[in-house]
Amino acid sequence: DIQMTQSPSFLSASVGDRVTINCKASQNINKYLNWYQQKLGEAPKLLIYNTNNLQTGIPSRFSGSGSGTDYTLTISSLQPEDVATYFCLQHSSRPLTFGSGTKLEIK
Amino acid sequence: QVQLQQSGAELVKPGSSVKISCKASGYTFTSYDMHWIKQQPGNGLEWIGWIYPGNGNTKYNQKFNGKATLTADKSSSTAYMQLSSLTSEDSAVYFCARGTTDYYYPDYWGQGVMVTVSS
């Protein structure tokens with residue numbers, strides 16, 4: 001199974017800050033990497049698919065990058081409604097595997 | 001719009017089984033895989049497997065072989081997951097999520113079902 005190492009586990013930032021979250025795969029996943037947002041008590045929401053494609057309806061302050069084993073989610077200007085847990089998913093091979101999540105809070 | 005409505009929370013006894021449901025609407029149920037995912041506090045998310053309702057084909061994470069059984073009812077656009085021989089390790093929130101037709105990842109998710117295994 002492909003292991004996904006996500007960092008940091010917890011992040012506190014101010015409104016307007018640029019925020020980055022990272023995922024590292026245990027092997028090359030060929031950009032088959034998604035990012036999801038999960039607000040407290042809600043279902044996860046797809047933000048980014050295949051490394052850098054913004055899902056319909058997601059604000060443009062969210063972006064993704066990466067290749068090989070290293071991937072990044074960036075929020076260009078943090079907003080209060082971005083408080084959530086973010087996690088990555090690799091769908092390069094079965095079983096699908098997830099990062100451990102990053103809890104994002106407003107400072 | 002795509003909606004996945006899952007059944008309600010379950011409190012079940014160790015050693016028993018539970019069957020949870022996921023009713024789909026807003027798209028052609030038989031044309032998309034349905035993924036199932038387990039979420040435990042502190043253990044993150046685990047992919048259980050998927051079913052293709054069009055023909056009933058399934059693919060499981062080897063870890064859940066013998067634990068989870070995925071089925072689908074085309075007539076009601078509802079997917080089911082049965083969990084058997086329940087232990088405290090099975091206490092979790094379980095999500096269904098529609099799979100895309102191109103890269104087979106989950107896009108739209110249900111609200112989740114909390115299963116608590118306790119005597």
# chains A, B, ... in the order shown; residues from 1 in each chain; ligands from 1
$ residues_around --residues "B:Gln62" --least-positions-apart "2" --cutoff "12 Å" --atoms "only C-alpha atoms" --output "PDB file with all heavy atoms, in the first residue's frame"
ATOM      1  N   ASP A   1       0.850  -1.191   0.000  1.00  0.00           N
ATOM      2  CA  ASP A   1       0.000   0.000   0.000  1.00  0.00           C
ATOM      3  C   ASP A   1       0.890   1.248   0.000  1.00  0.00           C
ATOM      4  O   ASP A   1       1.956   1.274   0.616  1.00  0.00           O
ATOM      5  CB  ASP A   1      -0.909   0.033   1.235  1.00  0.00           C
ATOM      6  CG  ASP A   1      -1.854  -1.143   1.326  1.00  0.00           C
ATOM      7  OD1 ASP A   1      -1.808  -2.027   0.429  1.00  0.00           O
ATOM      8  OD2 ASP A   1      -2.628  -1.209   2.290  1.00  0.00           O
ATOM      9  N   ARG A  94      -4.682   0.983  -5.941  1.00  0.00           N
ATOM     10  CA  ARG A  94      -5.576   0.452  -4.903  1.00  0.00           C
ATOM     11  C   ARG A  94      -4.744  -0.322  -3.892  1.00  0.00           C
ATOM     12  O   ARG A  94      -3.805  -1.017  -4.282  1.00  0.00           O
ATOM     13  CB  ARG A  94      -6.620  -0.479  -5.520  1.00  0.00           C
ATOM     14  CG  ARG A  94      -7.350   0.087  -6.704  1.00  0.00           C
ATOM     15  CD  ARG A  94      -8.181   1.317  -6.353  1.00  0.00           C
ATOM     16  NE  ARG A  94      -8.711   1.935  -7.556  1.00  0.00           N
ATOM     17  CZ  ARG A  94      -8.180   3.030  -8.127  1.00  0.00           C
ATOM     18  NH1 ARG A  94      -7.113   3.607  -7.582  1.00  0.00           N
ATOM     19  NH2 ARG A  94      -8.708   3.526  -9.223  1.00  0.00           N
ATOM     20  N   PRO A  95      -5.034  -0.220  -2.575  1.00  0.00           N
ATOM     21  CA  PRO A  95      -6.144   0.571  -2.051  1.00  0.00           C
ATOM     22  C   PRO A  95      -5.853   2.065  -2.078  1.00  0.00           C
ATOM     23  O   PRO A  95      -4.695   2.485  -1.919  1.00  0.00           O
ATOM     24  CB  PRO A  95      -6.254   0.083  -0.608  1.00  0.00           C
ATOM     25  CG  PRO A  95      -4.861  -0.303  -0.250  1.00  0.00           C
ATOM     26  CD  PRO A  95      -4.274  -0.881  -1.498  1.00  0.00           C
ATOM     27  N   LEU A  96      -6.901   2.877  -2.281  1.00  0.00           N
ATOM     28  CA  LEU A  96      -6.747   4.312  -2.123  1.00  0.00           C
ATOM     29  C   LEU A  96      -6.278   4.570  -0.692  1.00  0.00           C
ATOM     30  O   LEU A  96      -6.719   3.897   0.248  1.00  0.00           O
ATOM     31  CB  LEU A  96      -8.079   5.031  -2.341  1.00  0.00           C
ATOM     32  CG  LEU A  96      -8.870   4.739  -3.620  1.00  0.00           C
ATOM     33  CD1 LEU A  96     -10.069   5.665  -3.713  1.00  0.00           C
ATOM     34  CD2 LEU A  96      -8.005   4.850  -4.843  1.00  0.00           C
TER      35      LEU A  96
ATOM     36  N   GLU B  46      -9.802   5.548   6.060  1.00  0.00           N
ATOM     37  CA  GLU B  46      -9.410   4.309   5.396  1.00  0.00           C
ATOM     38  C   GLU B  46     -10.427   3.977   4.308  1.00  0.00           C
ATOM     39  O   GLU B  46     -11.637   4.011   4.548  1.00  0.00           O
ATOM     40  CB  GLU B  46      -9.364   3.147   6.388  1.00  0.00           C
ATOM     41  CG  GLU B  46      -8.282   3.248   7.426  1.00  0.00           C
ATOM     42  CD  GLU B  46      -8.302   2.030   8.327  1.00  0.00           C
ATOM     43  OE1 GLU B  46      -9.166   1.979   9.229  1.00  0.00           O
ATOM     44  OE2 GLU B  46      -7.470   1.122   8.132  1.00  0.00           O
ATOM     45  N   TRP B  47      -9.910   3.622   3.144  1.00  0.00           N
ATOM     46  CA  TRP B  47     -10.772   3.223   2.045  1.00  0.00           C
ATOM     47  C   TRP B  47     -11.153   1.755   2.211  1.00  0.00           C
ATOM     48  O   TRP B  47     -10.291   0.887   2.339  1.00  0.00           O
ATOM     49  CB  TRP B  47     -10.031   3.437   0.734  1.00  0.00           C
ATOM     50  CG  TRP B  47     -10.792   3.086  -0.499  1.00  0.00           C
ATOM     51  CD1 TRP B  47     -11.821   3.786  -1.059  1.00  0.00           C
ATOM     52  CD2 TRP B  47     -10.563   1.948  -1.332  1.00  0.00           C
ATOM     53  NE1 TRP B  47     -12.239   3.147  -2.206  1.00  0.00           N
ATOM     54  CE2 TRP B  47     -11.493   2.026  -2.390  1.00  0.00           C
ATOM     55  CE3 TRP B  47      -9.678   0.875  -1.295  1.00  0.00           C
ATOM     56  CZ2 TRP B  47     -11.554   1.071  -3.402  1.00  0.00           C
ATOM     57  CZ3 TRP B  47      -9.726  -0.081  -2.301  1.00  0.00           C
ATOM     58  CH2 TRP B  47     -10.661   0.025  -3.339  1.00  0.00           C
ATOM     59  N   ILE B  48     -12.442   1.481   2.230  1.00  0.00           N
ATOM     60  CA  ILE B  48     -12.937   0.126   2.438  1.00  0.00           C
ATOM     61  C   ILE B  48     -13.048  -0.615   1.106  1.00  0.00           C
ATOM     62  O   ILE B  48     -12.658  -1.777   0.974  1.00  0.00           O
ATOM     63  CB  ILE B  48     -14.301   0.153   3.141  1.00  0.00           C
ATOM     64  CG1 ILE B  48     -14.150   0.745   4.547  1.00  0.00           C
ATOM     65  CG2 ILE B  48     -14.939  -1.237   3.174  1.00  0.00           C
ATOM     66  CD1 ILE B  48     -15.476   1.057   5.239  1.00  0.00           C
ATOM     67  N   GLY B  49     -13.591   0.073   0.102  1.00  0.00           N
ATOM     68  CA  GLY B  49     -13.767  -0.556  -1.197  1.00  0.00           C
ATOM     69  C   GLY B  49     -14.787   0.190  -2.015  1.00  0.00           C
ATOM     70  O   GLY B  49     -15.230   1.286  -1.641  1.00  0.00           O
ATOM     71  N   LYS B  59     -14.689  -4.148  -5.417  1.00  0.00           N
ATOM     72  CA  LYS B  59     -13.253  -4.194  -5.162  1.00  0.00           C
ATOM     73  C   LYS B  59     -13.068  -3.775  -3.717  1.00  0.00           C
ATOM     74  O   LYS B  59     -13.563  -2.720  -3.310  1.00  0.00           O
ATOM     75  CB  LYS B  59     -12.523  -3.220  -6.096  1.00  0.00           C
ATOM     76  CG  LYS B  59     -11.030  -3.096  -5.829  1.00  0.00           C
ATOM     77  CD  LYS B  59     -10.279  -4.327  -6.261  1.00  0.00           C
ATOM     78  CE  LYS B  59      -8.779  -4.126  -6.127  1.00  0.00           C
ATOM     79  NZ  LYS B  59      -8.028  -5.369  -6.455  1.00  0.00           N
ATOM     80  N   TYR B  60     -12.372  -4.612  -2.942  1.00  0.00           N
ATOM     81  CA  TYR B  60     -12.182  -4.339  -1.526  1.00  0.00           C
ATOM     82  C   TYR B  60     -10.717  -4.059  -1.203  1.00  0.00           C
ATOM     83  O   TYR B  60      -9.809  -4.640  -1.803  1.00  0.00           O
ATOM     84  CB  TYR B  60     -12.638  -5.537  -0.691  1.00  0.00           C
ATOM     85  CG  TYR B  60     -14.119  -5.819  -0.728  1.00  0.00           C
ATOM     86  CD1 TYR B  60     -14.671  -6.711  -1.651  1.00  0.00           C
ATOM     87  CD2 TYR B  60     -14.988  -5.188   0.167  1.00  0.00           C
ATOM     88  CE1 TYR B  60     -16.024  -6.968  -1.680  1.00  0.00           C
ATOM     89  CE2 TYR B  60     -16.352  -5.449   0.146  1.00  0.00           C
ATOM     90  CZ  TYR B  60     -16.860  -6.339  -0.784  1.00  0.00           C
ATOM     91  OH  TYR B  60     -18.210  -6.589  -0.814  1.00  0.00           O
ATOM     92  N   PHE B  64     -10.240  -5.140   4.678  1.00  0.00           N
ATOM     93  CA  PHE B  64     -11.651  -5.244   5.026  1.00  0.00           C
ATOM     94  C   PHE B  64     -12.315  -6.485   4.423  1.00  0.00           C
ATOM     95  O   PHE B  64     -13.540  -6.643   4.520  1.00  0.00           O
ATOM     96  CB  PHE B  64     -12.389  -3.969   4.601  1.00  0.00           C
ATOM     97  CG  PHE B  64     -11.994  -2.777   5.416  1.00  0.00           C
ATOM     98  CD1 PHE B  64     -10.960  -1.949   5.006  1.00  0.00           C
ATOM     99  CD2 PHE B  64     -12.638  -2.475   6.600  1.00  0.00           C
ATOM    100  CE1 PHE B  64     -10.560  -0.855   5.763  1.00  0.00           C
ATOM    101  CE2 PHE B  64     -12.263  -1.377   7.371  1.00  0.00           C
ATOM    102  CZ  PHE B  64     -11.219  -0.562   6.943  1.00  0.00           C
ATOM    103  N   ASN B  65     -11.522  -7.347   3.799  1.00  0.00           N
ATOM    104  CA  ASN B  65     -12.075  -8.615   3.313  1.00  0.00           C
ATOM    105  C   ASN B  65     -12.613  -9.412   4.490  1.00  0.00           C
ATOM    106  O   ASN B  65     -11.926  -9.604   5.504  1.00  0.00           O
ATOM    107  CB  ASN B  65     -10.993  -9.444   2.618  1.00  0.00           C
ATOM    108  CG  ASN B  65     -10.875  -9.085   1.162  1.00  0.00           C
ATOM    109  OD1 ASN B  65     -11.833  -8.613   0.551  1.00  0.00           O
ATOM    110  ND2 ASN B  65      -9.707  -9.295   0.586  1.00  0.00           N
ATOM    111  N   GLY B  66     -13.862  -9.854   4.368  1.00  0.00           N
ATOM    112  CA  GLY B  66     -14.486 -10.593   5.449  1.00  0.00           C
ATOM    113  C   GLY B  66     -15.157  -9.717   6.490  1.00  0.00           C
ATOM    114  O   GLY B  66     -15.952 -10.204   7.299  1.00  0.00           O
ATOM    115  N   LYS B  67     -14.843  -8.440   6.490  1.00  0.00           N
ATOM    116  CA  LYS B  67     -15.461  -7.508   7.436  1.00  0.00           C
ATOM    117  C   LYS B  67     -16.632  -6.761   6.783  1.00  0.00           C
ATOM    118  O   LYS B  67     -17.691  -6.620   7.350  1.00  0.00           O
ATOM    119  CB  LYS B  67     -14.424  -6.503   7.941  1.00  0.00           C
ATOM    120  CG  LYS B  67     -14.944  -5.358   8.758  1.00  0.00           C
ATOM    121  CD  LYS B  67     -15.634  -5.807  10.056  1.00  0.00           C
ATOM    122  CE  LYS B  67     -14.681  -6.451  11.001  1.00  0.00           C
ATOM    123  NZ  LYS B  67     -15.359  -6.831  12.267  1.00  0.00           N
ATOM    124  N   ALA B  68     -16.392  -6.267   5.577  1.00  0.00           N
ATOM    125  CA  ALA B  68     -17.387  -5.469   4.868  1.00  0.00           C
ATOM    126  C   ALA B  68     -17.894  -6.202   3.633  1.00  0.00           C
ATOM    127  O   ALA B  68     -17.113  -6.862   2.937  1.00  0.00           O
ATOM    128  CB  ALA B  68     -16.782  -4.126   4.451  1.00  0.00           C
TER     129      ALA B  68
END
$ interface_residues --of "chain A" --to "chain B" --cutoff "9 Å" --atoms "only C-alpha atoms" --output "PyMOL selection string"
chain A and resi 32+34+41-46+49-50+89-92+94-101
$ residues_around --residues "A:Gly16" --least-positions-apart "4" --cutoff "9 Å" --atoms "only C-alpha atoms" --output "number ranges by chain"
A: 76-79
$ write_last_selection --atoms "N, CA, C and O atoms" --output "PDB file, in the first residue's frame"
ATOM      1  N   SER A  76      -4.185  30.902  -0.769  1.00  0.00           N
ATOM      2  CA  SER A  76      -3.407  32.124  -1.008  1.00  0.00           C
ATOM      3  C   SER A  76      -3.707  33.222   0.010  1.00  0.00           C
ATOM      4  O   SER A  76      -2.822  34.001   0.360  1.00  0.00           O
ATOM      5  N   SER A  77      -4.946  33.280   0.479  1.00  0.00           N
ATOM      6  CA  SER A  77      -5.330  34.310   1.447  1.00  0.00           C
ATOM      7  C   SER A  77      -6.397  33.702   2.344  1.00  0.00           C
ATOM      8  O   SER A  77      -7.561  33.608   1.962  1.00  0.00           O
ATOM      9  N   LEU A  78      -5.985  33.284   3.520  1.00  0.00           N
ATOM     10  CA  LEU A  78      -6.858  32.536   4.418  1.00  0.00           C
ATOM     11  C   LEU A  78      -8.085  33.340   4.808  1.00  0.00           C
ATOM     12  O   LEU A  78      -7.981  34.523   5.188  1.00  0.00           O
ATOM     13  N   GLN A  79      -9.245  32.698   4.732  1.00  0.00           N
ATOM     14  CA  GLN A  79     -10.511  33.305   5.128  1.00  0.00           C
ATOM     15  C   GLN A  79     -11.094  32.579   6.335  1.00  0.00           C
ATOM     16  O   GLN A  79     -10.809  31.396   6.541  1.00  0.00           O
TER      17      GLN A  79
END
$ residues_around --residues "stretch 4-8 of chain A" --least-positions-apart "4" --cutoff "10 Å" --atoms "only C-alpha atoms" --output "list in words"
Thr20, Ile21, Asn22, Cys23, Lys24, Ala25, Ser26, Gln27, Thr69, Asp70, Tyr71, Thr72, Tyr86, Phe87, Cys88, Leu89, Gln90, Thr97, Phe98, Gly99, Ser100, Gly101, Thr102, Lys103 and Leu104 of chain A
$ write_last_selection --atoms "C-alpha atoms" --output "PDB file, in the first residue's frame"
ATOM      1  CA  THR A  20       0.563  25.549   2.674  1.00  0.00           C
ATOM      2  CA  ILE A  21      -0.120  21.925   3.521  1.00  0.00           C
ATOM      3  CA  ASN A  22       2.029  19.079   2.280  1.00  0.00           C
ATOM      4  CA  CYS A  23       1.605  15.419   1.420  1.00  0.00           C
ATOM      5  CA  LYS A  24       4.425  13.030   0.653  1.00  0.00           C
ATOM      6  CA  ALA A  25       3.765   9.656  -0.926  1.00  0.00           C
ATOM      7  CA  SER A  26       5.885   6.578  -0.271  1.00  0.00           C
ATOM      8  CA  GLN A  27       6.268   6.147  -4.041  1.00  0.00           C
ATOM      9  CA  THR A  69       5.999  11.939  -4.403  1.00  0.00           C
ATOM     10  CA  ASP A  70       5.568  15.522  -3.120  1.00  0.00           C
ATOM     11  CA  TYR A  71       2.387  17.566  -3.249  1.00  0.00           C
ATOM     12  CA  THR A  72       1.166  20.856  -1.789  1.00  0.00           C
ATOM     13  CA  TYR A  86      -7.758  19.135   5.128  1.00  0.00           C
ATOM     14  CA  PHE A  87      -6.587  15.786   3.864  1.00  0.00           C
ATOM     15  CA  CYS A  88      -5.010  14.371   0.774  1.00  0.00           C
ATOM     16  CA  LEU A  89      -5.924  11.210  -1.114  1.00  0.00           C
ATOM     17  CA  GLN A  90      -3.836   9.228  -3.577  1.00  0.00           C
ATOM     18  CA  THR A  97      -4.921   5.870   0.828  1.00  0.00           C
ATOM     19  CA  PHE A  98      -5.351   9.122   2.686  1.00  0.00           C
ATOM     20  CA  GLY A  99      -3.094  11.528   4.496  1.00  0.00           C
ATOM     21  CA  SER A 100      -3.640  11.866   8.239  1.00  0.00           C
ATOM     22  CA  GLY A 101      -5.139  15.345   7.981  1.00  0.00           C
ATOM     23  CA  THR A 102      -4.240  18.920   8.841  1.00  0.00           C
ATOM     24  CA  LYS A 103      -6.432  20.844  11.241  1.00  0.00           C
ATOM     25  CA  LEU A 104      -6.442  24.507  10.234  1.00  0.00           C
TER      26      LEU A 104
END
$ atom_distance --atom1 "atom CA of B:Leu83" --atom2 "atom CA of B:Tyr52"
18.5 Å
$ residues_around --residues "stretch 20-23 of chain B" --least-positions-apart "6" --cutoff "9 Å" --atoms "only C-alpha atoms" --output "VMD selection string"
chain B and resid 3 to 10 76 to 83 94 to 97 110 113
$ select_by_dssp --residues "chain B" --states "helix (DSSP H, G or I)" --output "list in words"
Phe29, Thr30, Ser31, Gln62, Lys63, Phe64, Lys74, Ser75, Ser76, Ser88, Glu89 and Asp90 of chain B
$ residues_around --residues "A:Ser12" --least-positions-apart "2" --cutoff "10 Å" --atoms "only C-alpha atoms" --output "short mmCIF file (atom, residue, chain, number, x, y, z; two decimals) with C-alpha atoms, in the first residue's frame"
data_model
loop_
_atom_site.label_atom_id
_atom_site.label_comp_id
_atom_site.auth_asym_id
_atom_site.auth_seq_id
_atom_site.Cartn_x
_atom_site.Cartn_y
_atom_site.Cartn_z
CA PHE A 10 -2.07 21.35 13.04
CA SER A 14 -4.18 34.68 10.53
CA VAL A 19 -1.07 28.71 4.00
CA VAL A 83 -11.39 26.66 9.23
CA LYS A 103 -6.43 20.84 11.24
CA LEU A 104 -6.44 24.51 10.23
CA GLU A 105 -7.45 27.19 12.70
CA ILE A 106 -7.55 30.97 12.66
CA LYS A 107 -5.04 32.66 14.96
#
$ closest_residue --among "B:Gln1, B:Ser31, B:Ser84, B:Ser75" --to "B:Lys19" --atoms "only C-alpha atoms"
B:Ser84
$ residues_around --residues "B:Val93" --least-positions-apart "5" --cutoff "7 Å" --atoms "only C-alpha atoms" --output "PDB file with C-alpha atoms, in the first residue's frame"
ATOM      1  CA  LYS B  38     -14.086   4.586   7.377  1.00  0.00           C
ATOM      2  CA  GLN B  39     -13.138   7.500   9.624  1.00  0.00           C
ATOM      3  CA  GLN B  40     -11.951   7.048  13.177  1.00  0.00           C
ATOM      4  CA  GLY B 112     -21.645   9.771   7.222  1.00  0.00           C
ATOM      5  CA  VAL B 113     -23.074   7.210   9.629  1.00  0.00           C
ATOM      6  CA  MET B 114     -21.720   6.796  13.128  1.00  0.00           C
ATOM      7  CA  VAL B 115     -21.545   3.162  14.182  1.00  0.00           C
TER       8      VAL B 115
END
$ select_by_dssp --residues "stretch 45-116 of chain B" --states "strand (DSSP E)" --output "JSON, numbers by chain"
{"B": [45, 46, 47, 48, 49, 50, 51, 52, 57, 58, 59, 60, 68, 69, 70, 71, 72, 73, 78, 79, 80, 81, 82, 83, 92, 93, 94, 95, 96, 97, 98, 99, 106, 107, 108, 109, 113, 114, 115, 116]}
$ write_last_selection --atoms "N, CA and C atoms" --output "short mmCIF file (atom, residue, chain, number, x, y, z; two decimals), in the first residue's frame"
data_model
loop_
_atom_site.label_atom_id
_atom_site.label_comp_id
_atom_site.auth_asym_id
_atom_site.auth_seq_id
_atom_site.Cartn_x
_atom_site.Cartn_y
_atom_site.Cartn_z
N LEU B 45 -8.57 8.36 7.82
CA LEU B 45 -9.52 7.79 6.87
C LEU B 45 -8.95 6.54 6.23
N GLU B 46 -9.80 5.55 6.06
CA GLU B 46 -9.41 4.31 5.40
C GLU B 46 -10.43 3.98 4.31
N TRP B 47 -9.91 3.62 3.14
CA TRP B 47 -10.77 3.22 2.05
C TRP B 47 -11.15 1.75 2.21
N ILE B 48 -12.44 1.48 2.23
CA ILE B 48 -12.94 0.13 2.44
C ILE B 48 -13.05 -0.62 1.11
N GLY B 49 -13.59 0.07 0.10
CA GLY B 49 -13.77 -0.56 -1.20
C GLY B 49 -14.79 0.19 -2.02
N TRP B 50 -15.10 -0.41 -3.17
CA TRP B 50 -16.15 0.20 -3.98
C TRP B 50 -17.01 -0.86 -4.64
N ILE B 51 -18.19 -0.43 -5.09
CA ILE B 51 -19.07 -1.27 -5.85
C ILE B 51 -19.52 -0.50 -7.07
N TYR B 52 -19.62 -1.21 -8.20
CA TYR B 52 -20.18 -0.61 -9.40
C TYR B 52 -21.61 -1.10 -9.51
N ASN B 57 -20.16 -5.42 -9.57
CA ASN B 57 -18.75 -5.71 -9.33
C ASN B 57 -18.23 -4.92 -8.14
N THR B 58 -17.38 -5.59 -7.35
CA THR B 58 -16.83 -4.96 -6.16
C THR B 58 -15.31 -5.07 -6.14
N LYS B 59 -14.69 -4.15 -5.42
CA LYS B 59 -13.25 -4.19 -5.16
C LYS B 59 -13.07 -3.77 -3.72
N TYR B 60 -12.37 -4.61 -2.94
CA TYR B 60 -12.18 -4.34 -1.53
C TYR B 60 -10.72 -4.06 -1.20
N ALA B 68 -16.39 -6.27 5.58
CA ALA B 68 -17.39 -5.47 4.87
C ALA B 68 -17.89 -6.20 3.63
N THR B 69 -19.20 -6.07 3.40
CA THR B 69 -19.82 -6.61 2.18
C THR B 69 -20.63 -5.49 1.54
N LEU B 70 -20.30 -5.19 0.29
CA LEU B 70 -20.95 -4.10 -0.43
C LEU B 70 -21.97 -4.66 -1.41
N THR B 71 -23.16 -4.06 -1.39
CA THR B 71 -24.21 -4.43 -2.33
C THR B 71 -24.89 -3.16 -2.83
N ALA B 72 -25.72 -3.33 -3.85
CA ALA B 72 -26.45 -2.18 -4.39
C ALA B 72 -27.79 -2.65 -4.95
N ASP B 73 -28.80 -1.81 -4.77
CA ASP B 73 -30.15 -2.08 -5.29
C ASP B 73 -30.45 -1.04 -6.36
N THR B 78 -29.90 2.65 -4.21
CA THR B 78 -29.34 2.62 -2.84
C THR B 78 -28.19 1.62 -2.76
N ALA B 79 -27.10 2.07 -2.20
CA ALA B 79 -25.96 1.21 -1.93
C ALA B 79 -25.95 0.84 -0.45
N TYR B 80 -25.45 -0.34 -0.17
CA TYR B 80 -25.43 -0.84 1.21
C TYR B 80 -24.04 -1.35 1.56
N MET B 81 -23.72 -1.24 2.84
CA MET B 81 -22.53 -1.88 3.35
C MET B 81 -22.90 -2.62 4.63
N GLN B 82 -22.60 -3.91 4.64
CA GLN B 82 -22.81 -4.71 5.85
C GLN B 82 -21.46 -4.96 6.49
N LEU B 83 -21.41 -4.71 7.79
CA LEU B 83 -20.21 -4.98 8.59
C LEU B 83 -20.54 -6.12 9.54
N ALA B 92 -16.86 3.76 14.37
CA ALA B 92 -16.31 4.78 13.46
C ALA B 92 -17.47 5.46 12.75
N VAL B 93 -17.13 6.48 11.98
CA VAL B 93 -18.07 7.07 11.04
C VAL B 93 -17.77 6.46 9.67
N TYR B 94 -18.81 6.04 9.00
CA TYR B 94 -18.67 5.42 7.69
C TYR B 94 -19.34 6.30 6.64
N PHE B 95 -18.57 6.61 5.61
CA PHE B 95 -19.07 7.46 4.52
C PHE B 95 -19.23 6.63 3.25
N CYS B 96 -20.28 6.95 2.49
CA CYS B 96 -20.32 6.54 1.09
C CYS B 96 -19.92 7.75 0.26
N ALA B 97 -19.37 7.50 -0.91
CA ALA B 97 -18.95 8.60 -1.78
C ALA B 97 -18.98 8.13 -3.22
N ARG B 98 -19.54 8.94 -4.09
CA ARG B 98 -19.60 8.59 -5.51
C ARG B 98 -18.21 8.63 -6.13
N GLY B 99 -17.92 7.68 -6.99
CA GLY B 99 -16.64 7.68 -7.69
C GLY B 99 -16.77 8.28 -9.08
N PRO B 106 -13.26 9.41 -5.20
CA PRO B 106 -14.53 9.91 -4.65
C PRO B 106 -14.67 11.40 -4.89
N ASP B 107 -15.84 11.81 -5.41
CA ASP B 107 -16.07 13.25 -5.53
C ASP B 107 -17.14 13.70 -4.53
N TYR B 108 -18.36 13.27 -4.64
CA TYR B 108 -19.41 13.68 -3.72
C TYR B 108 -19.58 12.64 -2.60
N TRP B 109 -19.67 13.14 -1.36
CA TRP B 109 -19.72 12.27 -0.20
C TRP B 109 -21.08 12.38 0.50
N VAL B 113 -22.29 7.94 8.63
CA VAL B 113 -23.07 7.21 9.63
C VAL B 113 -22.14 6.82 10.77
N MET B 114 -22.52 7.20 11.98
CA MET B 114 -21.72 6.80 13.13
C MET B 114 -22.20 5.43 13.61
N VAL B 115 -21.28 4.49 13.65
CA VAL B 115 -21.55 3.16 14.18
C VAL B 115 -20.77 3.02 15.48
N THR B 116 -21.49 2.73 16.55
CA THR B 116 -20.87 2.53 17.86
C THR B 116 -21.09 1.08 18.27
#
